[in-house]
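So this one's run02.tsv, TSV, N, CA and C atoms:
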chain	number	residue	atom	x	y	z
P	1	MET	N	12.43	-35.51	-5.69
P	1	MET	CA	12.04	-35.16	-4.34
P	1	MET	C	11.98	-33.64	-4.21
P	2	LEU	N	10.97	-33.17	-3.52
P	2	LEU	CA	10.80	-31.73	-3.32
P	2	LEU	C	11.50	-31.27	-2.05
P	3	GLU	N	11.92	-30.03	-2.06
P	3	GLU	CA	12.51	-29.42	-0.88
P	3	GLU	C	11.40	-28.98	0.07
P	4	HIS	N	11.75	-28.79	1.34
P	4	HIS	CA	10.76	-28.34	2.32
P	4	HIS	C	10.31	-26.90	2.02
P	5	GLN	N	11.22	-26.07	1.53
P	5	GLN	CA	10.86	-24.68	1.22
P	5	GLN	C	9.79	-24.63	0.15
P	6	LEU	N	8.91	-23.64	0.26
P	6	LEU	CA	7.85	-23.45	-0.74
P	6	LEU	C	8.43	-23.22	-2.13
P	7	ILE	N	9.39	-22.30	-2.25
P	7	ILE	CA	10.04	-22.02	-3.53
P	7	ILE	C	11.17	-23.03	-3.70
P	8	GLN	N	11.11	-23.79	-4.77
P	8	GLN	CA	12.12	-24.81	-5.02
P	8	GLN	C	13.38	-24.19	-5.63
P	9	SER	N	14.52	-24.83	-5.43
P	9	SER	CA	15.78	-24.28	-5.93
P	9	SER	C	16.01	-24.56	-7.41
P	10	THR	N	15.22	-25.46	-8.01
P	10	THR	CA	15.35	-25.75	-9.43
P	10	THR	C	14.16	-25.17	-10.19
P	11	GLY	N	14.33	-24.93	-11.47
P	11	GLY	CA	13.22	-24.52	-12.32
P	11	GLY	C	13.07	-23.02	-12.52
P	12	PHE	N	13.97	-22.21	-11.98
P	12	PHE	CA	13.90	-20.76	-12.18
P	12	PHE	C	14.51	-20.44	-13.53
P	13	ARG	N	13.69	-19.90	-14.46
P	13	ARG	CA	14.21	-19.67	-15.81
P	13	ARG	C	13.34	-18.65	-16.54
P	14	ASN	N	13.94	-18.08	-17.59
P	14	ASN	CA	13.20	-17.22	-18.49
P	14	ASN	C	12.41	-18.07	-19.47
P	15	LEU	N	11.37	-17.49	-20.03
P	15	LEU	CA	10.53	-18.16	-21.02
P	15	LEU	C	10.66	-17.46	-22.37
P	16	GLY	N	10.55	-18.21	-23.43
P	16	GLY	CA	10.64	-17.65	-24.77
P	16	GLY	C	12.06	-17.67	-25.29
P	17	PRO	N	12.23	-17.46	-26.59
P	17	PRO	CA	13.56	-17.52	-27.18
P	17	PRO	C	14.43	-16.33	-26.78
P	18	VAL	N	15.74	-16.52	-26.83
P	18	VAL	CA	16.69	-15.45	-26.54
P	18	VAL	C	16.39	-14.29	-27.48
P	19	GLY	N	16.32	-13.11	-26.93
P	19	GLY	CA	16.01	-11.92	-27.73
P	19	GLY	C	14.52	-11.62	-27.81
P	20	ALA	N	13.69	-12.56	-27.37
P	20	ALA	CA	12.23	-12.35	-27.39
P	20	ALA	C	11.61	-13.00	-26.16
P	21	ARG	N	12.21	-12.79	-25.01
P	21	ARG	CA	11.69	-13.38	-23.76
P	21	ARG	C	10.30	-12.84	-23.47
P	22	THR	N	9.43	-13.74	-22.99
P	22	THR	CA	8.04	-13.35	-22.68
P	22	THR	C	7.77	-13.28	-21.19
P	23	GLY	N	8.67	-13.80	-20.38
P	23	GLY	CA	8.49	-13.81	-18.94
P	23	GLY	C	9.43	-14.79	-18.30
P	24	PHE	N	9.04	-15.25	-17.10
P	24	PHE	CA	9.87	-16.20	-16.36
P	24	PHE	C	8.97	-17.11	-15.55
P	25	CYS	N	9.55	-18.18	-15.01
P	25	CYS	CA	8.80	-19.08	-14.15
P	25	CYS	C	9.71	-19.65	-13.07
P	26	PHE	N	9.09	-20.19	-12.04
P	26	PHE	CA	9.82	-20.88	-10.98
P	26	PHE	C	8.90	-21.93	-10.38
P	27	ARG	N	9.49	-22.91	-9.71
P	27	ARG	CA	8.73	-24.03	-9.16
P	27	ARG	C	8.42	-23.82	-7.68
P	28	ILE	N	7.23	-24.32	-7.30
P	28	ILE	CA	6.84	-24.33	-5.89
P	28	ILE	C	6.26	-25.70	-5.55
P	29	ARG	N	6.24	-26.01	-4.27
P	29	ARG	CA	5.55	-27.22	-3.81
P	29	ARG	C	4.15	-26.83	-3.36
P	30	VAL	N	3.29	-27.82	-3.17
P	30	VAL	CA	1.92	-27.54	-2.72
P	30	VAL	C	2.00	-26.83	-1.35
P	31	PRO	N	1.29	-25.72	-1.17
P	31	PRO	CA	1.46	-24.91	0.04
P	31	PRO	C	0.62	-25.35	1.24
P	32	ASN	N	0.49	-26.64	1.45
P	32	ASN	CA	-0.17	-27.13	2.67
P	32	ASN	C	0.33	-28.53	2.98
P	33	TYR	N	-0.24	-29.17	3.94
P	33	TYR	CA	0.27	-30.44	4.45
P	33	TYR	C	-0.23	-31.66	3.69
P	34	HIS	N	-1.02	-31.45	2.66
P	34	HIS	CA	-1.50	-32.56	1.83
P	34	HIS	C	-1.79	-32.01	0.43
P	35	GLY	N	-2.09	-32.86	-0.51
P	35	GLY	CA	-2.45	-32.39	-1.84
P	35	GLY	C	-3.77	-31.63	-1.81
P	36	THR	N	-4.11	-31.01	-2.92
P	36	THR	CA	-5.33	-30.22	-2.97
P	36	THR	C	-5.91	-30.24	-4.39
P	37	ARG	N	-7.18	-29.99	-4.49
P	37	ARG	CA	-7.79	-29.79	-5.81
P	37	ARG	C	-7.27	-28.46	-6.35
P	38	LEU	N	-7.09	-28.40	-7.66
P	38	LEU	CA	-6.60	-27.15	-8.25
P	38	LEU	C	-7.56	-26.00	-8.00
P	39	SER	N	-8.86	-26.28	-7.90
P	39	SER	CA	-9.83	-25.21	-7.65
P	39	SER	C	-9.65	-24.58	-6.27
P	40	HIS	N	-8.93	-25.23	-5.37
P	40	HIS	CA	-8.66	-24.66	-4.04
P	40	HIS	C	-7.41	-23.80	-4.03
P	41	TYR	N	-6.60	-23.90	-5.08
P	41	TYR	CA	-5.39	-23.08	-5.19
P	41	TYR	C	-5.78	-21.81	-5.94
P	42	ASP	N	-5.61	-20.65	-5.31
P	42	ASP	CA	-6.08	-19.39	-5.88
P	42	ASP	C	-4.93	-18.51	-6.36
P	43	GLY	N	-3.91	-19.13	-6.90
P	43	GLY	CA	-2.82	-18.38	-7.51
P	43	GLY	C	-1.78	-17.90	-6.53
P	44	ALA	N	-0.84	-17.10	-7.06
P	44	ALA	CA	0.29	-16.63	-6.26
P	44	ALA	C	0.66	-15.21	-6.66
P	45	ASP	N	0.79	-14.35	-5.65
P	45	ASP	CA	1.38	-13.03	-5.86
P	45	ASP	C	2.89	-13.21	-5.85
P	46	VAL	N	3.58	-12.54	-6.76
P	46	VAL	CA	5.02	-12.70	-6.90
P	46	VAL	C	5.67	-11.32	-6.89
P	47	THR	N	6.78	-11.21	-6.18
P	47	THR	CA	7.61	-10.01	-6.22
P	47	THR	C	9.03	-10.45	-6.52
P	48	VAL	N	9.63	-9.88	-7.55
P	48	VAL	CA	11.02	-10.18	-7.89
P	48	VAL	C	11.79	-8.87	-7.91
P	49	ASP	N	12.79	-8.79	-7.05
P	49	ASP	CA	13.63	-7.59	-6.95
P	49	ASP	C	12.78	-6.33	-6.78
P	50	GLY	N	11.70	-6.43	-6.00
P	50	GLY	CA	10.84	-5.29	-5.71
P	50	GLY	C	9.72	-5.05	-6.71
P	51	GLU	N	9.70	-5.76	-7.82
P	51	GLU	CA	8.64	-5.59	-8.82
P	51	GLU	C	7.52	-6.61	-8.55
P	52	PHE	N	6.30	-6.12	-8.38
P	52	PHE	CA	5.15	-6.95	-8.00
P	52	PHE	C	4.39	-7.45	-9.23
P	53	PHE	N	3.97	-8.74	-9.16
P	53	PHE	CA	3.16	-9.37	-10.21
P	53	PHE	C	1.97	-10.04	-9.52
P	54	SER	N	0.76	-9.61	-9.84
P	54	SER	CA	-0.45	-10.05	-9.15
P	54	SER	C	-0.87	-11.48	-9.48
P	55	HIS	N	-1.45	-12.15	-8.49
P	55	HIS	CA	-1.99	-13.51	-8.69
P	55	HIS	C	-3.08	-13.53	-9.76
P	56	GLU	N	-3.71	-12.39	-10.00
P	56	GLU	CA	-4.78	-12.32	-10.99
P	56	GLU	C	-4.26	-12.46	-12.42
P	57	ARG	N	-2.98	-12.20	-12.65
P	57	ARG	CA	-2.40	-12.28	-13.99
P	57	ARG	C	-1.44	-13.46	-14.16
P	58	ASN	N	-0.84	-13.91	-13.06
P	58	ASN	CA	0.11	-15.02	-13.15
P	58	ASN	C	-0.63	-16.31	-13.49
P	59	ARG	N	0.06	-17.22	-14.14
P	59	ARG	CA	-0.53	-18.52	-14.48
P	59	ARG	C	0.15	-19.61	-13.68
P	60	PHE	N	-0.44	-20.79	-13.71
P	60	PHE	CA	0.07	-21.93	-12.96
P	60	PHE	C	0.16	-23.14	-13.89
P	61	ALA	N	1.28	-23.84	-13.85
P	61	ALA	CA	1.47	-25.02	-14.69
P	61	ALA	C	1.74	-26.24	-13.83
P	62	ILE	N	1.11	-27.34	-14.20
P	62	ILE	CA	1.35	-28.62	-13.54
P	62	ILE	C	1.09	-29.72	-14.57
P	63	ARG	N	2.00	-30.70	-14.61
P	63	ARG	CA	1.86	-31.84	-15.53
P	63	ARG	C	1.55	-31.40	-16.97
P	64	ASP	N	2.32	-30.46	-17.49
P	64	ASP	CA	2.19	-30.00	-18.88
P	64	ASP	C	0.87	-29.30	-19.20
P	65	GLU	N	0.12	-28.90	-18.19
P	65	GLU	CA	-1.10	-28.10	-18.37
P	65	GLU	C	-0.87	-26.73	-17.76
P	66	VAL	N	-1.32	-25.69	-18.42
P	66	VAL	CA	-1.18	-24.33	-17.92
P	66	VAL	C	-2.57	-23.76	-17.67
P	67	TYR	N	-2.74	-23.13	-16.50
P	67	TYR	CA	-4.04	-22.62	-16.08
P	67	TYR	C	-3.95	-21.12	-15.75
P	68	THR	N	-4.95	-20.36	-16.19
P	68	THR	CA	-5.13	-18.99	-15.71
P	68	THR	C	-5.85	-19.08	-14.36
P	69	LEU	N	-5.96	-17.97	-13.67
P	69	LEU	CA	-6.67	-17.97	-12.39
P	69	LEU	C	-8.13	-18.40	-12.58
P	70	GLU	N	-8.77	-17.92	-13.63
P	70	GLU	CA	-10.16	-18.28	-13.88
P	70	GLU	C	-10.30	-19.79	-14.14
P	71	GLU	N	-9.35	-20.34	-14.89
P	71	GLU	CA	-9.39	-21.78	-15.16
P	71	GLU	C	-9.13	-22.61	-13.90
P	72	LEU	N	-8.25	-22.14	-13.04
P	72	LEU	CA	-8.03	-22.84	-11.76
P	72	LEU	C	-9.33	-22.89	-10.95
P	73	ARG	N	-9.99	-21.76	-10.88
P	73	ARG	CA	-11.22	-21.68	-10.08
P	73	ARG	C	-12.33	-22.58	-10.61
P	74	GLU	N	-12.32	-22.86	-11.90
P	74	GLU	CA	-13.36	-23.69	-12.51
P	74	GLU	C	-12.98	-25.17	-12.61
P	75	GLU	N	-11.73	-25.51	-12.38
P	75	GLU	CA	-11.26	-26.89	-12.53
P	75	GLU	C	-11.92	-27.80	-11.49
P	76	THR	N	-12.53	-28.88	-11.93
P	76	THR	CA	-13.27	-29.75	-11.00
P	76	THR	C	-12.63	-31.13	-10.81
P	77	LYS	N	-11.68	-31.50	-11.65
P	77	LYS	CA	-11.12	-32.85	-11.56
P	77	LYS	C	-9.65	-32.91	-11.18
P	78	ALA	N	-8.85	-31.98	-11.66
P	78	ALA	CA	-7.40	-32.06	-11.45
P	78	ALA	C	-7.02	-31.77	-10.01
P	79	ARG	N	-6.00	-32.50	-9.54
P	79	ARG	CA	-5.46	-32.32	-8.19
P	79	ARG	C	-3.98	-31.99	-8.27
P	80	TRP	N	-3.48	-31.36	-7.22
P	80	TRP	CA	-2.06	-31.08	-7.07
P	80	TRP	C	-1.58	-31.95	-5.93
P	81	GLY	N	-0.81	-32.97	-6.26
P	81	GLY	CA	-0.35	-33.93	-5.27
P	81	GLY	C	0.75	-33.38	-4.37
P	82	MET	N	0.83	-33.93	-3.18
P	82	MET	CA	1.79	-33.46	-2.19
P	82	MET	C	3.24	-33.57	-2.67
P	83	PHE	N	3.53	-34.52	-3.52
P	83	PHE	CA	4.91	-34.74	-3.97
P	83	PHE	C	5.13	-34.26	-5.41
P	84	GLU	N	4.30	-33.33	-5.88
P	84	GLU	CA	4.44	-32.76	-7.22
P	84	GLU	C	4.80	-31.29	-7.11
P	85	TRP	N	5.65	-30.83	-8.02
P	85	TRP	CA	5.90	-29.40	-8.09
P	85	TRP	C	4.96	-28.78	-9.11
P	86	GLY	N	4.67	-27.53	-8.89
P	86	GLY	CA	3.93	-26.73	-9.85
P	86	GLY	C	4.80	-25.54	-10.21
P	87	ALA	N	4.51	-24.90	-11.32
P	87	ALA	CA	5.30	-23.74	-11.74
P	87	ALA	C	4.42	-22.50	-11.81
P	88	VAL	N	4.91	-21.42	-11.23
P	88	VAL	CA	4.25	-20.12	-11.36
P	88	VAL	C	4.85	-19.45	-12.59
P	89	ILE	N	3.99	-19.04	-13.51
P	89	ILE	CA	4.42	-18.41	-14.76
P	89	ILE	C	4.05	-16.94	-14.71
P	90	VAL	N	5.05	-16.09	-14.91
P	90	VAL	CA	4.86	-14.65	-14.83
P	90	VAL	C	5.18	-14.02	-16.19
P	91	ASP	N	4.24	-13.26	-16.72
P	91	ASP	CA	4.49	-12.53	-17.97
P	91	ASP	C	5.29	-11.27	-17.66
P	92	LYS	N	6.43	-11.14	-18.33
P	92	LYS	CA	7.28	-9.95	-18.20
P	92	LYS	C	8.07	-9.84	-19.50
P	93	PRO	N	7.63	-8.98	-20.41
P	93	PRO	CA	8.33	-8.84	-21.68
P	93	PRO	C	9.83	-8.58	-21.44
P	94	GLY	N	10.66	-9.37	-22.12
P	94	GLY	CA	12.11	-9.26	-21.95
P	94	GLY	C	12.66	-10.19	-20.90
P	95	GLY	N	11.79	-10.75	-20.06
P	95	GLY	CA	12.23	-11.67	-19.01
P	95	GLY	C	13.06	-10.97	-17.96
P	96	LEU	N	13.91	-11.73	-17.30
P	96	LEU	CA	14.79	-11.21	-16.26
P	96	LEU	C	16.24	-11.28	-16.72
P	97	ALA	N	17.04	-10.38	-16.23
P	97	ALA	CA	18.47	-10.38	-16.56
P	97	ALA	C	19.16	-11.55	-15.86
P	98	PRO	N	20.22	-12.09	-16.45
P	98	PRO	CA	20.98	-13.13	-15.76
P	98	PRO	C	21.53	-12.57	-14.45
P	99	GLY	N	21.63	-13.44	-13.45
P	99	GLY	CA	22.17	-13.02	-12.16
P	99	GLY	C	21.31	-13.49	-11.01
P	100	ILE	N	21.59	-12.93	-9.84
P	100	ILE	CA	20.89	-13.31	-8.61
P	100	ILE	C	19.68	-12.40	-8.42
P	101	HIS	N	18.55	-13.02	-8.11
P	101	HIS	CA	17.30	-12.29	-7.91
P	101	HIS	C	16.65	-12.72	-6.59
P	102	ARG	N	15.99	-11.77	-5.94
P	102	ARG	CA	15.20	-12.08	-4.74
P	102	ARG	C	13.77	-12.35	-5.18
P	103	ILE	N	13.33	-13.61	-4.98
P	103	ILE	CA	11.97	-14.01	-5.32
P	103	ILE	C	11.15	-14.06	-4.05
P	104	GLU	N	9.99	-13.42	-4.06
P	104	GLU	CA	9.02	-13.53	-2.97
P	104	GLU	C	7.72	-14.04	-3.58
P	105	VAL	N	7.07	-14.94	-2.88
P	105	VAL	CA	5.80	-15.47	-3.36
P	105	VAL	C	4.83	-15.57	-2.19
P	106	THR	N	3.59	-15.22	-2.44
P	106	THR	CA	2.51	-15.44	-1.47
P	106	THR	C	1.45	-16.25	-2.20
P	107	THR	N	1.37	-17.52	-1.85
P	107	THR	CA	0.34	-18.37	-2.45
P	107	THR	C	-0.96	-18.19	-1.71
P	108	ARG	N	-2.05	-18.49	-2.37
P	108	ARG	CA	-3.39	-18.32	-1.81
P	108	ARG	C	-4.13	-19.65	-1.94
P	109	THR	N	-4.49	-20.23	-0.81
P	109	THR	CA	-5.14	-21.54	-0.81
P	109	THR	C	-6.48	-21.46	-0.08
P	110	ARG	N	-7.49	-22.06	-0.68
P	110	ARG	CA	-8.82	-22.14	-0.05
P	110	ARG	C	-8.93	-23.45	0.72
P	111	TYR	N	-9.63	-23.38	1.83
P	111	TYR	CA	-9.98	-24.58	2.59
P	111	TYR	C	-11.50	-24.62	2.71
P	112	SER	N	-12.10	-25.63	2.17
P	112	SER	CA	-13.56	-25.68	2.08
P	112	SER	C	-14.23	-25.79	3.44
P	113	TYR	N	-13.51	-26.17	4.45
P	113	TYR	CA	-14.12	-26.34	5.77
P	113	TYR	C	-14.06	-25.07	6.62
P	114	PHE	N	-13.63	-23.93	6.04
P	114	PHE	CA	-13.65	-22.66	6.75
P	114	PHE	C	-14.71	-21.76	6.13
P	115	PRO	N	-15.31	-20.86	6.92
P	115	PRO	CA	-16.34	-19.96	6.38
P	115	PRO	C	-15.73	-18.98	5.37
P	116	PRO	N	-16.56	-18.42	4.49
P	116	PRO	CA	-16.06	-17.55	3.41
P	116	PRO	C	-15.24	-16.36	3.86
P	117	ASP	N	-15.52	-15.77	5.04
P	117	ASP	CA	-14.76	-14.58	5.45
P	117	ASP	C	-13.32	-14.90	5.81
P	118	VAL	N	-12.97	-16.15	6.04
P	118	VAL	CA	-11.58	-16.56	6.28
P	118	VAL	C	-11.20	-17.68	5.31
P	119	HIS	N	-11.75	-17.60	4.14
P	119	HIS	CA	-11.67	-18.71	3.19
P	119	HIS	C	-10.31	-18.87	2.51
P	120	ILE	N	-9.59	-17.80	2.24
P	120	ILE	CA	-8.31	-17.89	1.55
P	120	ILE	C	-7.18	-17.64	2.54
P	121	PHE	N	-6.24	-18.59	2.58
P	121	PHE	CA	-5.11	-18.49	3.49
P	121	PHE	C	-3.84	-18.23	2.68
P	122	PRO	N	-3.10	-17.18	3.04
P	122	PRO	CA	-1.84	-16.91	2.34
P	122	PRO	C	-0.68	-17.68	2.97
P	123	MET	N	0.28	-18.06	2.14
P	123	MET	CA	1.55	-18.61	2.64
P	123	MET	C	2.66	-17.86	1.92
P	124	HIS	N	3.54	-17.24	2.68
P	124	HIS	CA	4.60	-16.40	2.12
P	124	HIS	C	5.95	-17.09	2.23
P	125	ALA	N	6.77	-16.93	1.20
P	125	ALA	CA	8.14	-17.43	1.22
P	125	ALA	C	9.00	-16.53	0.35
P	126	GLU	N	10.29	-16.55	0.61
P	126	GLU	CA	11.21	-15.83	-0.24
P	126	GLU	C	12.55	-16.55	-0.25
P	127	ARG	N	13.28	-16.34	-1.33
P	127	ARG	CA	14.61	-16.92	-1.44
P	127	ARG	C	15.37	-16.21	-2.56
P	128	LEU	N	16.68	-16.33	-2.51
P	128	LEU	CA	17.51	-15.85	-3.61
P	128	LEU	C	17.62	-16.98	-4.63
P	129	ALA	N	17.59	-16.61	-5.90
P	129	ALA	CA	17.73	-17.59	-6.97
P	129	ALA	C	18.58	-17.00	-8.08
P	130	THR	N	19.33	-17.86	-8.72
P	130	THR	CA	20.24	-17.42	-9.78
P	130	THR	C	19.69	-17.81	-11.14
P	131	LEU	N	19.64	-16.86	-12.03
P	131	LEU	CA	19.20	-17.09	-13.39
P	131	LEU	C	20.44	-17.06	-14.29
P	132	ILE	N	20.65	-18.15	-15.03
P	132	ILE	CA	21.79	-18.20	-15.94
P	132	ILE	C	21.26	-18.28	-17.37
P	133	LEU	N	22.10	-17.87	-18.30
P	133	LEU	CA	21.71	-17.97	-19.70
P	133	LEU	C	21.72	-19.42	-20.14
P	134	PRO	N	20.81	-19.80	-21.07
P	134	PRO	CA	20.78	-21.21	-21.51
P	134	PRO	C	22.03	-21.57	-22.31
What does the file become when written as structure tokens?
Amino acid sequence: MLEHQLIQSTGFRNLGPVGARTGFCFRIRVPNYHGTRLSHYDGADVTVDGEFFSHERNRFAIRDEVYTLEELREETKARWGMFEWGAVIVDKPGGLAPGIHRIEVTTRTRYSYFPPDVHIFPMHAERLATLILP
């Protein structure tokens, strides 16, 4: 079951082996009131402890598939269900230090029934999360 908050309390972790971390990831729920096609999800801007990571470089993972922003925009079949979590993957050599971190995320979602000048809607959330060593 997913939490109501956009940023989920589980799934915050470093990526890569100890001593050679490549980045980190965290889980989010779909940022609207129903599921959506992946092509309507336009990535997420992430800030952790004041350090900004652009939606243009972050990746998105769902059901063991990982997508770049370009791949999300081109995806024509895959959907993100209302009761599924997705993971935002951020490249950061060395990963994050163990401890408490302030995570901020602004997801970007397209709605096909709005005109292009108001086409992408941001949803912002933040929370504290604890990273522990494996």
Would you return as JSON, numbers by chain the members of chain P that DSSP assigns to helix (DSSP H, G or I) on this structure's backbone?
{"P": [38, 39, 40, 69, 70, 71, 72, 73, 74, 116, 117, 118]}
What's around range 51-53 of chain P at 8 Å? Count only N, CA and C atoms, leave out sequence neighbours fewer than 5 positions away in its own chain, and write the answer as a VMD selection string.
chain P and resid 44 to 46 58 90 to 91
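If all atoms listed in the file are the atoms counted, then among P:Trp85, P:Phe60, P:Tyr67, P:Trp80 the closest residue to Thr36 in chain P is P:Trp80.
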Which residue gives the smallest distance to Pro122 in chain P among P:Arg13, P:His40, P:Arg110, P:Arg59, with all atoms listed in the file counted?
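Using all atoms listed in the file, the shortest distance to Pro122 in chain P belongs to P:Arg110.
Note that CA of Asp49 in chain P and CA of Ala125 in chain P are 13.9 Å apart.
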Computed interatomic separation between atom N of Ile7 in chain P and atom C of Arg57 in chain P (Å)
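Distance reported for this atom pair: 18.4 Å.
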Around (18.3, -13.0, -3.7) in the file's frame, which residues reach within 6.5 Å when counting only N, CA and C atoms? Return as a compact mmCIF listing (two decimals) with N, CA and C atoms, in the frame of the given file?
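To be explicit, this is the file written out as part-v2.txt:
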# COMPACT_ATOMS: atom_id res chain seq x y z
N ILE P 100 21.59 -12.93 -9.84
CA ILE P 100 20.89 -13.31 -8.61
C ILE P 100 19.68 -12.40 -8.42
N HIS P 101 18.55 -13.02 -8.11
CA HIS P 101 17.30 -12.29 -7.91
C HIS P 101 16.65 -12.72 -6.59
N ARG P 102 15.99 -11.77 -5.94
CA ARG P 102 15.20 -12.08 -4.74
C ARG P 102 13.77 -12.35 -5.18
N ILE P 103 13.33 -13.61 -4.98
CA ILE P 103 11.97 -14.01 -5.32
C ILE P 103 11.15 -14.06 -4.05
N ARG P 127 13.28 -16.34 -1.33
CA ARG P 127 14.61 -16.92 -1.44
C ARG P 127 15.37 -16.21 -2.56
N LEU P 128 16.68 -16.33 -2.51
CA LEU P 128 17.51 -15.85 -3.61
C LEU P 128 17.62 -16.98 -4.63
N ALA P 129 17.59 -16.61 -5.90
CA ALA P 129 17.73 -17.59 -6.97
C ALA P 129 18.58 -17.00 -8.08
Please return, as an MDAnalysis selection string, all residues of range 24-94 of chain P that DSSP assigns to strand (DSSP E or B) on the basis of the backbone.
chainID P and resid 24:29 36:37 41:48 51:53 59:62 65:67 79:80 85:91
Determine the nearest neighbour of Thr106 in chain P from the options P:Leu72, P:Leu6, P:Met1, P:Leu15, counting only C-alpha atoms.
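That would be P:Leu6, the residue with the smallest distance to Thr106 in chain P.
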Using only N, CA and C atoms - which residues lie no farther than 7 Å from the point (-3.1, -21.7, -5.0) in the file's frame? Write them as a PDB file with N, CA and C atoms, in the frame of the given file.
ATOM      1  N   LEU P  38      -7.090 -28.400  -7.660  1.00  0.00           N
ATOM      2  CA  LEU P  38      -6.600 -27.150  -8.250  1.00  0.00           C
ATOM      3  C   LEU P  38      -7.560 -26.000  -8.000  1.00  0.00           C
ATOM      4  N   HIS P  40      -8.930 -25.230  -5.370  1.00  0.00           N
ATOM      5  CA  HIS P  40      -8.660 -24.660  -4.040  1.00  0.00           C
ATOM      6  C   HIS P  40      -7.410 -23.800  -4.030  1.00  0.00           C
ATOM      7  N   TYR P  41      -6.600 -23.900  -5.080  1.00  0.00           N
ATOM      8  CA  TYR P  41      -5.390 -23.080  -5.190  1.00  0.00           C
ATOM      9  C   TYR P  41      -5.780 -21.810  -5.940  1.00  0.00           C
ATOM     10  N   ASP P  42      -5.610 -20.650  -5.310  1.00  0.00           N
ATOM     11  CA  ASP P  42      -6.080 -19.390  -5.880  1.00  0.00           C
ATOM     12  C   ASP P  42      -4.930 -18.510  -6.360  1.00  0.00           C
ATOM     13  N   GLY P  43      -3.910 -19.130  -6.900  1.00  0.00           N
ATOM     14  CA  GLY P  43      -2.820 -18.380  -7.510  1.00  0.00           C
ATOM     15  C   GLY P  43      -1.780 -17.900  -6.530  1.00  0.00           C
ATOM     16  N   ALA P  44      -0.840 -17.100  -7.060  1.00  0.00           N
ATOM     17  CA  ALA P  44       0.290 -16.630  -6.260  1.00  0.00           C
ATOM     18  C   ALA P  44       0.660 -15.210  -6.660  1.00  0.00           C
ATOM     19  N   THR P 107       1.370 -17.520  -1.850  1.00  0.00           N
ATOM     20  CA  THR P 107       0.340 -18.370  -2.450  1.00  0.00           C
ATOM     21  C   THR P 107      -0.960 -18.190  -1.710  1.00  0.00           C
ATOM     22  N   ARG P 108      -2.050 -18.490  -2.370  1.00  0.00           N
ATOM     23  CA  ARG P 108      -3.390 -18.320  -1.810  1.00  0.00           C
ATOM     24  C   ARG P 108      -4.130 -19.650  -1.940  1.00  0.00           C
ATOM     25  N   THR P 109      -4.490 -20.230  -0.810  1.00  0.00           N
ATOM     26  CA  THR P 109      -5.140 -21.540  -0.810  1.00  0.00           C
ATOM     27  C   THR P 109      -6.480 -21.460  -0.080  1.00  0.00           C
ATOM     28  N   ARG P 110      -7.490 -22.060  -0.680  1.00  0.00           N
ATOM     29  CA  ARG P 110      -8.820 -22.140  -0.050  1.00  0.00           C
ATOM     30  C   ARG P 110      -8.930 -23.450   0.720  1.00  0.00           C
TER      31      ARG P 110
END
What does the distance from CA of Phe26 in chain P to atom C of Val88 in chain P come to in Å, to one decimal?
5.4 Å
Using all atoms listed in the file, find the one residue out of P:Lys77, P:His119, P:Arg27, P:His55 that sits nearest to Gln8 in chain P.
P:Arg27
Restricting the calculation to only N, CA and C atoms: of P:Thr76, P:Ile28, P:Gly81, P:Gly19, which residue gets closest to Glu3 in chain P?
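Of P:Thr76, P:Ile28, P:Gly81, P:Gly19, the one nearest Glu3 in chain P is P:Ile28, counting only N, CA and C atoms.
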